[in-house]
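Enquirer: Sharing data20.cif (mmCIF, C-alpha atoms and all ligand atoms) below.
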```cif
data_coords
#
loop_
_atom_site.label_atom_id
_atom_site.label_comp_id
_atom_site.auth_asym_id
_atom_site.auth_seq_id
_atom_site.Cartn_x
_atom_site.Cartn_y
_atom_site.Cartn_z
CA MET A 20 117.73 87.99 115.00
CA SER A 21 115.05 85.32 114.63
CA TYR A 22 112.27 87.55 113.26
CA ALA A 23 111.44 91.13 112.29
CA ARG A 24 109.15 91.23 115.34
CA THR A 25 112.18 90.55 117.60
CA GLY A 26 114.00 93.46 115.96
CA LEU A 27 111.00 95.75 116.39
CA ARG A 28 110.74 94.93 120.08
CA MET A 29 114.45 95.54 120.58
CA ILE A 30 114.27 98.89 118.73
CA LEU A 31 111.37 100.06 120.91
CA GLN A 32 113.30 99.07 124.04
CA ALA A 33 116.47 100.78 122.81
CA LEU A 34 114.48 103.96 122.11
CA GLY A 35 113.42 103.86 125.74
CA LEU A 36 109.70 103.17 125.32
CA LYS A 37 107.96 102.48 128.63
CA PRO A 38 104.63 100.89 129.63
CA GLY A 39 101.79 103.27 128.72
CA ASP A 40 103.70 104.89 125.84
CA GLU A 41 101.97 104.80 122.46
CA VAL A 42 103.05 103.86 118.95
CA VAL A 43 100.98 104.96 115.95
CA LEU A 44 100.71 102.25 113.28
CA SER A 45 98.65 100.94 110.38
CA PRO A 46 95.88 98.48 111.20
CA LEU A 47 96.50 96.68 107.90
CA THR A 48 99.21 94.65 109.56
CA CYS A 49 100.23 91.25 110.87
CA LYS A 50 99.18 90.40 114.45
CA VAL A 51 102.80 89.95 115.57
CA VAL A 52 103.35 93.70 115.17
CA PRO A 53 100.82 94.80 117.84
CA LEU A 54 101.90 91.77 119.89
CA ALA A 55 105.51 93.04 119.91
CA LEU A 56 104.23 96.39 121.25
CA LEU A 57 101.92 94.76 123.78
CA SER A 58 104.80 92.58 125.02
CA LEU A 59 106.30 95.83 126.38
CA ASP A 60 102.92 97.15 127.58
CA VAL A 61 103.20 99.79 124.87
CA ARG A 62 99.83 100.77 123.40
CA PRO A 63 99.19 100.28 119.67
CA VAL A 64 97.24 103.30 118.35
CA TYR A 65 95.88 102.65 114.89
CA ALA A 66 95.74 105.47 112.36
CA ASP A 67 93.73 104.92 109.20
CA ILE A 68 95.33 104.19 105.85
CA SER A 69 94.86 105.87 102.52
CA ARG A 70 92.87 103.72 100.11
CA GLU A 71 95.04 105.10 97.30
CA THR A 72 98.42 104.07 98.78
CA LEU A 73 97.45 101.27 101.25
CA ASN A 74 99.90 102.99 103.62
CA LEU A 75 99.33 105.29 106.60
CA ASP A 76 97.28 108.38 105.85
CA PRO A 77 99.24 111.43 107.16
CA GLU A 78 96.07 113.26 108.29
CA SER A 79 94.96 110.30 110.33
CA VAL A 80 98.47 109.95 111.81
CA GLU A 81 98.40 113.63 112.80
CA GLU A 82 95.07 113.11 114.58
CA ALA A 83 96.42 110.07 116.45
CA ILE A 84 99.50 111.86 117.81
CA CYS A 85 99.40 112.96 121.45
CA ALA A 86 101.85 113.54 124.30
CA ARG A 87 102.12 109.77 124.87
CA THR A 88 103.16 109.05 121.25
CA LYS A 89 106.75 107.84 121.35
CA ALA A 90 107.11 106.41 117.82
CA ILE A 91 105.38 106.17 114.45
CA LEU A 92 105.62 102.82 112.67
CA PHE A 93 105.33 103.16 108.90
CA GLN A 94 104.59 99.87 107.16
CA HIS A 95 105.48 99.54 103.48
CA THR A 96 102.38 97.52 102.60
CA TYR A 97 103.09 94.88 99.94
CA GLY A 98 106.55 96.47 99.66
CA SER A 99 105.20 99.81 98.39
CA SER A 100 106.67 102.99 99.90
CA THR A 101 104.11 105.42 98.49
CA GLY A 102 103.36 108.17 100.98
CA ILE A 103 106.38 107.68 103.27
CA GLU A 104 107.79 111.19 102.70
CA ALA A 105 104.66 112.88 104.11
CA VAL A 106 104.67 110.65 107.20
CA ALA A 107 108.45 111.10 107.66
CA ASN A 108 108.00 114.92 107.51
CA LEU A 109 105.20 114.73 110.02
CA ALA A 110 107.29 112.61 112.39
CA SER A 111 110.20 115.01 112.16
CA ARG A 112 107.93 118.07 112.67
CA HIS A 113 106.61 116.49 115.88
CA GLY A 114 110.06 115.21 116.93
CA ILE A 115 108.78 111.61 117.06
CA PRO A 116 111.06 108.75 115.93
CA LEU A 117 109.94 107.08 112.72
CA ILE A 118 110.41 103.30 112.50
CA GLU A 119 109.85 101.53 109.19
CA ASP A 120 108.23 98.13 108.94
CA CYS A 121 109.90 96.76 105.81
CA ALA A 122 108.87 93.14 106.49
CA GLN A 123 107.31 92.97 103.03
CA CYS A 124 110.17 94.73 101.20
CA LEU A 125 113.29 93.70 99.38
CA PRO A 126 116.19 95.88 100.54
CA SER A 127 117.01 98.31 97.75
CA GLY A 128 119.61 100.74 99.09
CA SER A 129 119.73 104.52 99.05
CA GLY A 130 116.33 106.25 99.18
CA GLY A 131 114.54 102.88 99.33
CA PRO A 132 112.55 101.25 102.14
CA GLY A 133 114.36 101.43 105.46
CA THR A 134 116.20 104.68 104.75
CA HIS A 135 113.67 107.27 105.96
CA GLY A 136 113.43 106.59 109.67
CA ILE A 137 115.74 106.20 112.63
CA ALA A 138 115.30 102.41 112.35
CA ALA A 139 113.69 99.74 110.22
CA VAL A 140 113.01 96.01 110.30
CA PHE A 141 113.09 93.57 107.40
CA SER A 142 111.66 90.07 107.66
CA ASN A 143 113.48 87.10 106.22
CA ASN A 144 110.92 84.47 107.08
CA LEU A 145 110.33 81.92 104.38
CA ARG A 146 107.35 83.60 102.73
CA LYS A 147 109.00 87.02 102.52
CA PRO A 148 110.76 88.65 99.53
CA LEU A 149 114.23 87.86 100.93
CA PRO A 150 113.61 84.49 102.61
CA ALA A 151 117.15 84.36 103.98
CA GLY A 152 116.94 81.17 106.00
CA ALA A 153 114.22 82.62 108.28
CA GLY A 154 115.19 85.55 110.45
CA GLY A 155 114.96 89.30 110.60
CA ILE A 156 117.21 92.28 110.12
CA ALA A 157 117.16 95.60 111.98
CA VAL A 158 118.65 98.61 110.19
CA VAL A 159 119.43 101.81 112.08
CA SER A 160 120.71 105.26 111.18
CA GLU A 161 122.45 106.16 114.46
CA ASP A 162 125.59 104.63 115.96
CA TRP A 163 124.30 104.68 119.54
CA LEU A 164 121.19 102.78 118.49
CA ALA A 165 123.27 100.20 116.59
CA ALA A 166 125.38 99.67 119.73
CA GLU A 167 122.23 99.19 121.87
CA LEU A 168 120.82 96.67 119.39
CA VAL A 169 124.04 94.69 119.22
CA LYS A 170 124.02 94.51 123.03
CA ALA A 171 120.38 93.37 123.03
CA ARG A 172 121.00 90.83 120.24
CA ASP A 173 123.84 89.27 122.22
CA THR A 174 121.49 88.59 125.12
CA LEU A 175 119.10 86.56 122.92
CA ARG A 176 119.07 82.79 123.37
CA VAL A 177 121.01 80.54 121.01
CA ARG A 178 118.77 77.99 119.24
CA GLY A 179 119.02 74.43 120.51
CA GLY A 180 119.75 71.49 118.17
CA LEU A 181 116.09 70.53 117.75
CA SER A 182 115.08 74.05 116.89
CA ARG A 183 117.91 74.32 114.33
CA LEU A 184 116.85 71.01 112.80
CA PHE A 185 113.25 72.23 112.60
CA LEU A 186 114.42 75.34 110.73
CA ARG A 187 116.31 73.22 108.19
CA VAL A 188 113.34 70.90 107.67
CA GLU A 189 111.06 73.90 107.24
CA ALA A 190 113.44 75.49 104.72
CA ALA A 191 113.72 72.23 102.77
CA ALA A 192 109.94 71.74 102.76
CA HIS A 193 109.58 75.29 101.56
CA LYS A 194 112.15 74.78 98.81
CA TYR A 195 110.74 71.52 97.47
CA LEU A 196 107.01 71.78 98.16
CA LEU A 197 106.06 75.42 97.77
CA LYS A 198 105.00 76.31 94.23
CA PRO A 199 102.19 78.52 92.97
CA GLU A 200 100.20 75.31 92.28
CA THR A 201 100.58 74.05 95.86
CA TYR A 202 99.87 77.40 97.51
CA TRP A 203 96.25 76.70 98.45
CA SER A 204 96.84 73.16 99.76
CA LEU A 205 99.78 74.32 101.90
CA LEU A 206 97.79 77.27 103.22
CA GLY A 207 94.99 74.87 104.14
CA LEU A 208 97.45 72.67 106.04
CA LYS A 209 99.02 75.66 107.81
CA LYS A 210 95.61 76.97 108.87
CA ARG A 211 94.62 73.54 110.14
CA PHE A 212 97.80 72.66 112.03
CA GLY A 213 99.81 75.89 112.42
CA VAL A 214 99.80 77.43 115.92
CA PHE A 215 100.03 80.89 114.32
CA TYR A 216 96.41 80.59 113.15
CA ARG A 217 95.10 79.29 116.47
CA SER A 218 93.45 81.70 118.86
CA CYS A 219 94.62 81.67 122.51
CA PRO A 220 94.64 84.09 125.47
CA LEU A 221 96.68 87.25 124.85
CA GLU A 222 99.38 86.47 127.43
CA ALA A 223 99.96 83.03 125.92
CA GLU A 224 100.02 84.50 122.42
CA ILE A 225 102.65 87.09 123.40
CA ARG A 226 104.75 84.35 124.95
CA LYS A 227 104.44 82.07 121.91
CA GLU A 228 104.80 84.62 119.11
CA ILE A 229 107.19 87.13 120.68
CA MET A 230 109.10 85.90 123.73
CA ASP A 231 109.64 82.21 122.88
CA SER A 232 110.53 82.99 119.27
CA ALA A 233 113.36 85.44 120.05
CA PHE A 234 116.70 83.82 119.19
CA GLN A 235 120.06 84.74 117.77
CA ILE A 236 120.38 83.58 114.18
CA SER A 237 122.34 80.38 113.66
CA ARG A 238 125.43 79.95 111.46
CA HIS A 239 123.30 78.05 108.97
CA GLN A 240 120.90 81.00 108.78
CA VAL A 241 123.81 83.41 108.24
CA ARG A 242 125.12 81.22 105.36
CA ALA A 243 121.67 80.93 103.80
CA GLY A 244 121.16 84.66 104.29
CA LEU A 245 124.37 85.55 102.48
CA MET A 246 123.40 83.32 99.56
CA TRP A 247 120.08 85.10 99.23
CA ILE A 248 121.77 88.48 99.48
CA ASP A 249 124.01 87.49 96.55
CA ALA A 250 120.86 86.83 94.53
CA LEU A 251 119.29 90.18 95.42
CA ASP A 252 119.66 91.83 92.00
CA GLU A 253 118.09 88.84 90.29
CA LEU A 254 115.22 88.68 92.81
CA ARG A 255 114.56 92.39 92.36
CA SER A 256 114.58 92.18 88.59
CA VAL A 257 112.08 89.27 88.51
CA ARG A 258 109.67 91.14 90.78
CA ARG A 259 109.99 94.36 88.80
CA GLN A 260 109.28 92.55 85.54
CA HIS A 261 106.11 90.99 86.97
CA VAL A 262 105.02 94.34 88.41
CA ARG A 263 105.49 96.17 85.10
CA THR A 264 103.57 93.57 83.12
CA LEU A 265 100.78 93.33 85.67
CA ALA A 266 100.43 97.13 85.77
CA ILE A 267 99.96 97.24 81.99
CA GLU A 268 97.59 94.28 81.80
CA LEU A 269 95.47 95.41 84.75
CA SER A 270 95.10 98.90 83.33
CA HIS A 271 92.76 97.26 80.78
CA MET A 272 90.54 95.79 83.52
CA PRO A 273 88.57 98.70 84.94
CA SER A 274 86.63 96.66 87.48
CA TYR A 275 89.81 96.33 89.60
CA GLU A 276 91.08 99.33 91.49
CA ILE A 277 94.87 99.63 91.46
CA PRO A 278 96.48 101.52 94.35
CA GLU A 279 99.12 104.16 93.62
CA ILE A 280 102.29 102.13 93.42
CA ASP A 281 105.66 102.83 91.92
CA SER A 282 105.49 100.62 88.83
CA ASP A 283 109.26 100.16 89.06
CA ALA A 284 109.09 98.77 92.60
CA ALA A 285 109.95 95.16 93.41
CA LEU A 286 106.63 94.56 95.19
CA TYR A 287 105.91 91.64 97.52
CA TYR A 288 102.58 91.05 95.78
CA PHE A 289 100.82 93.25 93.25
CA PRO A 290 97.81 94.74 95.07
CA ILE A 291 94.35 95.10 93.52
CA LEU A 292 91.03 95.97 95.10
CA SER A 293 88.05 93.92 94.01
CA LYS A 294 84.41 94.17 95.05
CA SER A 295 84.14 90.39 94.74
CA LYS A 296 87.21 89.31 96.72
CA GLU A 297 85.63 86.20 98.19
CA ARG A 298 84.29 84.92 94.85
CA LEU A 299 87.58 85.59 93.10
CA LEU A 300 89.58 83.77 95.77
CA ARG A 301 87.29 80.73 95.66
CA ALA A 302 87.72 80.60 91.87
CA ALA A 303 91.52 80.92 92.26
CA GLU A 304 91.55 78.11 94.82
CA ALA A 305 89.46 75.84 92.56
CA LYS A 306 91.90 76.42 89.70
CA ARG A 307 95.00 76.26 91.95
CA ILE A 308 96.05 79.76 91.01
CA GLU A 309 97.96 81.62 93.72
CA LEU A 310 96.25 84.84 94.81
CA ILE A 311 96.60 85.98 98.40
CA ALA A 312 94.13 87.34 100.87
CA TRP A 313 96.39 89.43 103.10
CA PRO A 314 94.70 90.50 105.29
CA VAL A 315 91.86 87.94 105.23
CA ASP A 316 88.92 90.37 105.34
CA LEU A 317 89.47 92.30 108.56
CA PRO A 318 92.41 94.65 109.18
CA ILE A 319 94.83 92.54 111.25
CA TYR A 320 96.18 89.34 109.63
CA PRO A 321 95.12 86.54 110.18
CA VAL A 322 92.08 87.69 112.20
CA GLU A 323 88.77 86.41 110.84
CA ASP A 324 86.46 87.05 113.78
CA PRO A 325 85.79 90.77 114.50
CA LYS A 326 85.75 90.00 118.24
CA ASP A 327 89.44 89.01 118.04
CA LEU A 328 90.46 92.50 116.88
CA GLU A 329 90.04 93.88 120.40
CA ARG A 330 92.84 91.75 121.83
CA TYR A 331 95.22 93.73 119.59
CA ALA A 332 93.70 96.99 120.90
CA TYR A 333 91.84 97.58 117.62
CA LYS A 334 88.28 98.93 118.00
CA SER A 335 85.99 97.89 115.14
CA GLY A 336 85.01 100.93 113.08
CA CYS A 337 87.99 103.10 114.12
CA CYS A 338 89.73 102.91 110.74
CA PRO A 339 86.99 102.70 108.08
CA GLN A 340 89.34 102.92 105.09
CA ALA A 341 91.48 100.05 106.36
CA GLU A 342 88.36 97.95 107.01
CA GLU A 343 87.02 98.62 103.52
CA VAL A 344 90.41 97.86 101.95
CA ALA A 345 90.74 94.64 103.98
CA ARG A 346 87.43 93.45 102.49
CA SER A 347 88.68 93.97 98.94
CA LEU A 348 92.49 93.67 98.86
CA ILE A 349 93.99 90.77 96.90
CA GLY A 350 97.66 90.18 96.04
CA ILE A 351 98.99 88.75 92.78
CA PRO A 352 102.36 86.98 93.16
CA THR A 353 105.50 88.59 91.77
CA ASP A 354 108.15 86.24 93.19
CA GLN A 355 110.82 84.11 91.55
CA LEU A 356 108.64 80.97 91.59
CA THR A 357 106.00 82.73 89.51
CA THR A 358 106.63 82.20 85.80
CA ALA A 359 105.09 84.12 82.89
CA ARG A 360 102.64 81.19 82.53
CA HIS A 361 101.53 81.47 86.16
CA ARG A 362 101.09 85.21 85.71
CA GLU A 363 99.04 84.67 82.54
CA ARG A 364 96.79 82.18 84.34
CA ALA A 365 96.18 84.69 87.13
CA LEU A 366 95.43 87.43 84.61
CA ALA A 367 93.10 85.15 82.62
CA LEU A 368 91.17 84.41 85.83
CA LEU A 369 90.92 88.11 86.63
CA ARG A 370 89.71 88.87 83.08
CA GLU A 371 87.15 86.09 83.20
CA HIS A 372 85.96 87.25 86.58
CA GLU A 373 85.71 90.80 85.38
CA THR A 374 83.25 89.63 82.73
CA VAL A 375 81.32 87.69 85.37
CA CYS A 376 81.14 90.80 87.58
CA GLN A 377 80.03 93.03 84.73
CA ASP A 378 77.41 90.48 83.64
CA SER A 379 76.02 90.32 87.16
CA VAL A 380 75.82 94.16 87.26
CA ASP A 381 74.04 94.24 83.82
C1 LIG B 401 103.69 93.80 107.64
C2 LIG B 401 104.43 92.84 108.50
N1 LIG B 401 105.15 93.31 109.55
C3 LIG B 401 105.85 92.48 110.34
C4 LIG B 401 105.85 91.12 110.10
C5 LIG B 401 106.64 90.24 111.04
O1 LIG B 401 107.72 89.64 110.41
P1 LIG B 401 108.41 88.41 111.17
O2 LIG B 401 107.55 87.22 110.89
O3 LIG B 401 109.76 88.28 110.56
O4 LIG B 401 108.43 88.77 112.58
C6 LIG B 401 105.13 90.60 109.03
C7 LIG B 401 105.13 89.17 108.73
O5 LIG B 401 104.68 88.27 109.14
C8 LIG B 401 104.40 91.47 108.20
O6 LIG B 401 103.67 91.02 107.17
#
```
Please, can you express the file's structure as structure tokens?
Expert:
Amino acid sequence: MSYARTGLRMILQALGLKPGDEVVLSPLTCKVVPLALLSLDVRPVYADISRETLNLDPESVEEAICARTKAILFQHTYGSSTGIEAVANLASRHGIPLIEDCAQCLPSGSGGPGTHGIAAVFSNNLRKPLPAGAGGIAVVSEDWLAAELVKARDTLRVRGGLSRLFLRVEAAAHKYLLKPETYWSLLGLKKRFGVFYRSCPLEAEIRKEIMDSAFQISRHQVRAGLMWIDALDELRSVRRQHVRTLAIELSHMPSYEIPEIDSDAALYYFPILSKSKERLLRAAEAKRIELIAWPVDLPIYPVEDPKDLERYAYKSGCCPQAEEVARSLIGIPTDQLTTARHRERALALLREHETVCQDSVD
């Protein structure tokens, strides 16, 4: 289907969720996730994350569960699965379906992301680890659920010619323009002109981001998708190599906190926590070094004004760990466009900044 969010909505419908039902999820997420829930009048209930794993904290999930809880959504933040077993056990103990949000993951087969719950969604939009021509994939572990999803998929609209052309132009622009050096300029343009970053009333936002963007994937997307799937081993190996090197290099920089990640994972970005996120990002932008602020500095991406959190049913202060992490989380790229030289430039900036931070403490 057109996006992971479309798959998530279809899974919730197939599981029989009704208005007033609740789904427990991480607040360190993208706004389209709560919007998919709200499009069904399902209530997002945020459980706090663990600062160590960046993923849902099982104790907080347990506290959030009540009779109205009809699913738990486990997000593999930055592609890291740390902590999923505990949440999967909890879900099974309570008899609540576990859905995995693998939007930031590369598929990796048995035991990997997407294999712990009854269903999972992967995102293939152009900034994701498997940018398979824009789209999303739903993975399920039960035949009846697969049959329901196929039925739902077949009712989605087919893209018109203009929309297909737009996808191709977007993919070409992505292929030829997006490089680590152009990251900040393109982000600036997207923030200025992209509707995704523009605030509007909730109903209109649900229509724009969820309802109007639900399509079947086109033949071109299927072809592009299959090409990317052929390159999966190579994509995984590049990311793993970056992750291993970054883990070693960053272990010598004590001013950055490194979450518990599997150092063999093919992460979306390598996560670090820094007390001077804003300063570091400004320095990266000035030197055209790609470092990401996901989320910006409040839990739900791309929210920048605390007042906007409420529209996604998030109450400021309800998940203190997630709020603290959002203020300090930075991602270092690990993708196939990032060369060893790009990685060294990012590390040099982090080293230099570490000295600056220590000097300002002394
Ligand atoms: C954690 C997370 N979940 C879900 C999504 C939604 O993916 P898609 O854009 O394919 O709907 C995104 C991406 O934007 C994401 O980062």
Enquirer: Can you tell me, as a PyMOL selection string, which residues sit within 12 Å of (86.2, 94.0, 99.6) in the file's frame, using only C-alpha atoms?
Expert: chain A and resi 70+275-276+291-300+312-318+340-349
Enquirer: Once 3 Å is added on each side, what centre and edge lengths in Å to one decimal does the axis-aligned box around all listed atoms of ligand LIG 401 (chain B) have, as AutoDock Vina command-line options?
Expert:
```
--center_x 106.7 --center_y 90.5 --center_z 109.9 --size_x 12.1 --size_y 12.6 --size_z 11.4
```
Enquirer: Would you compute the distance between atom CA of A:Ser274 and atom CA of A:Glu373? Give it in Å to one decimal.
Expert: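 A separation of 6.3 Å between them.
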Enquirer: Neighbours of ligand LIG 401 (chain B) at 9 Å or closer, counting only C-alpha atoms and all ligand atoms: which residues, as a VMD selection string?
Expert: chain A and resid 21 to 27 47 to 52 55 94 to 98 120 to 123 140 to 147 153 to 156 228 to 229 313 320
Enquirer: Can you find the residues with an atom no farther than 7 Å from (105.4, 104.7, 119.9), counting all atoms listed in the file, and report them as a ChimeraX atom specification?
Expert: /A:40-43,88-91
Enquirer: When you count all atoms listed in the file, which of these residues is closest to A:Pro148: A:Thr374, A:Ser45, A:Ser204, A:Gln355?
Expert: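 Residue with the minimum atom-to-atom distance to A:Pro148: A:Gln355.
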Enquirer: Atom CA of A:Arg28 and atom CA of A:Leu56 are how many Å apart?
Expert: 6.8 Å
Enquirer: Nearest to A:Glu329 among A:Pro38, A:Pro220, A:Gln235, A:Val158, with distances taken over only C-alpha atoms: which residue is it?
Expert: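 Of A:Pro38, A:Pro220, A:Gln235, A:Val158, the one nearest A:Glu329, counting only C-alpha atoms, is A:Pro220.
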Enquirer: Please indicate the distance in Å from atom CA of A:Pro290 to atom CA of A:Gly350, rounded to one decimal place.
Expert: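 Value for the atom CA of A:Pro290-atom CA of A:Gly350 distance: 4.7 Å.
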Enquirer: Could you pull stretch 273-365 of chain A out of the structure I just pasted and write it to a file containing C-alpha atoms, as a compact mmCIF listing (two decimals), in the first residue's frame?
Expert:
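File produced: result.txt:
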```
# COMPACT_ATOMS: atom_id res chain seq x y z
CA PRO A 273 32.22 10.08 27.00
CA SER A 274 30.18 13.25 26.72
CA TYR A 275 27.72 11.42 24.41
CA GLU A 276 25.37 8.86 25.87
CA ILE A 277 24.89 5.82 23.64
CA PRO A 278 21.64 3.88 24.04
CA GLU A 279 21.76 0.09 24.33
CA ILE A 280 21.76 -1.02 20.73
CA ASP A 281 22.74 -4.25 19.07
CA SER A 282 26.04 -3.21 17.49
CA ASP A 283 25.39 -5.71 14.70
CA ALA A 284 22.06 -4.11 13.76
CA ALA A 285 21.53 -2.31 10.46
CA LEU A 286 20.26 0.86 12.16
CA TYR A 287 18.36 3.66 10.41
CA TYR A 288 20.56 6.25 12.11
CA PHE A 289 23.04 5.74 14.92
CA PRO A 290 21.47 7.34 18.02
CA ILE A 291 23.40 9.45 20.53
CA LEU A 292 22.18 11.64 23.36
CA SER A 293 23.84 15.02 23.73
CA LYS A 294 23.25 17.76 26.28
CA SER A 295 23.99 20.33 23.58
CA LYS A 296 21.76 19.04 20.77
CA GLU A 297 20.83 22.46 19.43
CA ARG A 298 24.44 23.74 19.32
CA LEU A 299 25.67 20.55 17.69
CA LEU A 300 22.98 20.66 15.01
CA ARG A 301 23.70 24.30 14.19
CA ALA A 302 27.40 23.44 13.80
CA ALA A 303 26.50 20.46 11.58
CA GLU A 304 24.26 22.65 9.42
CA ALA A 305 26.99 25.30 9.05
CA LYS A 306 29.45 22.63 7.90
CA ARG A 307 26.85 20.77 5.77
CA ILE A 308 27.27 17.59 7.76
CA GLU A 309 24.16 15.41 7.94
CA LEU A 310 22.97 14.81 11.50
CA ILE A 311 19.27 14.40 12.15
CA ALA A 312 16.99 15.79 14.79
CA TRP A 313 14.29 13.12 14.92
CA PRO A 314 12.24 14.07 16.83
CA VAL A 315 12.92 17.83 16.73
CA ASP A 316 12.93 18.50 20.49
CA LEU A 317 9.48 17.38 21.60
CA PRO A 318 8.25 13.77 21.49
CA ILE A 319 6.12 13.65 18.32
CA TYR A 320 7.88 14.42 15.00
CA PRO A 321 7.77 17.10 13.56
CA VAL A 322 6.04 18.97 16.42
CA GLU A 323 7.94 22.05 17.58
CA ASP A 324 5.26 23.86 19.58
CA PRO A 325 4.25 22.10 22.85
CA LYS A 326 0.64 23.24 22.29
CA ASP A 327 0.48 21.07 19.14
CA LEU A 328 1.12 17.88 21.14
CA GLU A 329 -2.44 17.89 22.46
CA ARG A 330 -3.98 17.39 19.04
CA TYR A 331 -2.27 13.97 18.98
CA ALA A 332 -3.72 13.23 22.45
CA TYR A 333 -0.31 13.71 24.11
CA LYS A 334 -0.37 15.58 27.45
CA SER A 335 2.84 17.49 28.13
CA GLY A 336 4.68 15.95 31.08
CA CYS A 337 3.05 12.49 30.80
CA CYS A 338 6.19 10.75 29.52
CA PRO A 339 9.18 12.50 31.13
CA GLN A 340 11.81 10.10 29.76
CA ALA A 341 10.58 10.55 26.20
CA GLU A 342 10.56 14.34 26.62
CA GLU A 343 14.09 14.34 28.00
CA VAL A 344 15.30 12.03 25.21
CA ALA A 345 13.59 14.17 22.55
CA ARG A 346 15.61 17.17 23.79
CA SER A 347 18.90 15.32 23.37
CA LEU A 348 18.53 12.64 20.66
CA ILE A 349 20.57 13.05 17.49
CA GLY A 350 21.01 10.53 14.65
CA ILE A 351 24.21 9.92 12.69
CA PRO A 352 23.60 8.58 9.16
CA THR A 353 24.40 4.97 8.34
CA ASP A 354 22.91 4.73 4.84
CA GLN A 355 24.42 3.81 1.48
CA LEU A 356 24.98 7.46 0.51
CA THR A 357 27.19 7.98 3.55
CA THR A 358 30.81 7.23 2.74
CA ALA A 359 33.69 6.68 5.19
CA ARG A 360 34.65 10.34 4.54
CA HIS A 361 31.18 11.59 5.49
CA ARG A 362 31.29 9.45 8.62
CA GLU A 363 34.74 10.81 9.53
CA ARG A 364 33.51 14.39 9.10
CA ALA A 365 30.57 13.70 11.41
```
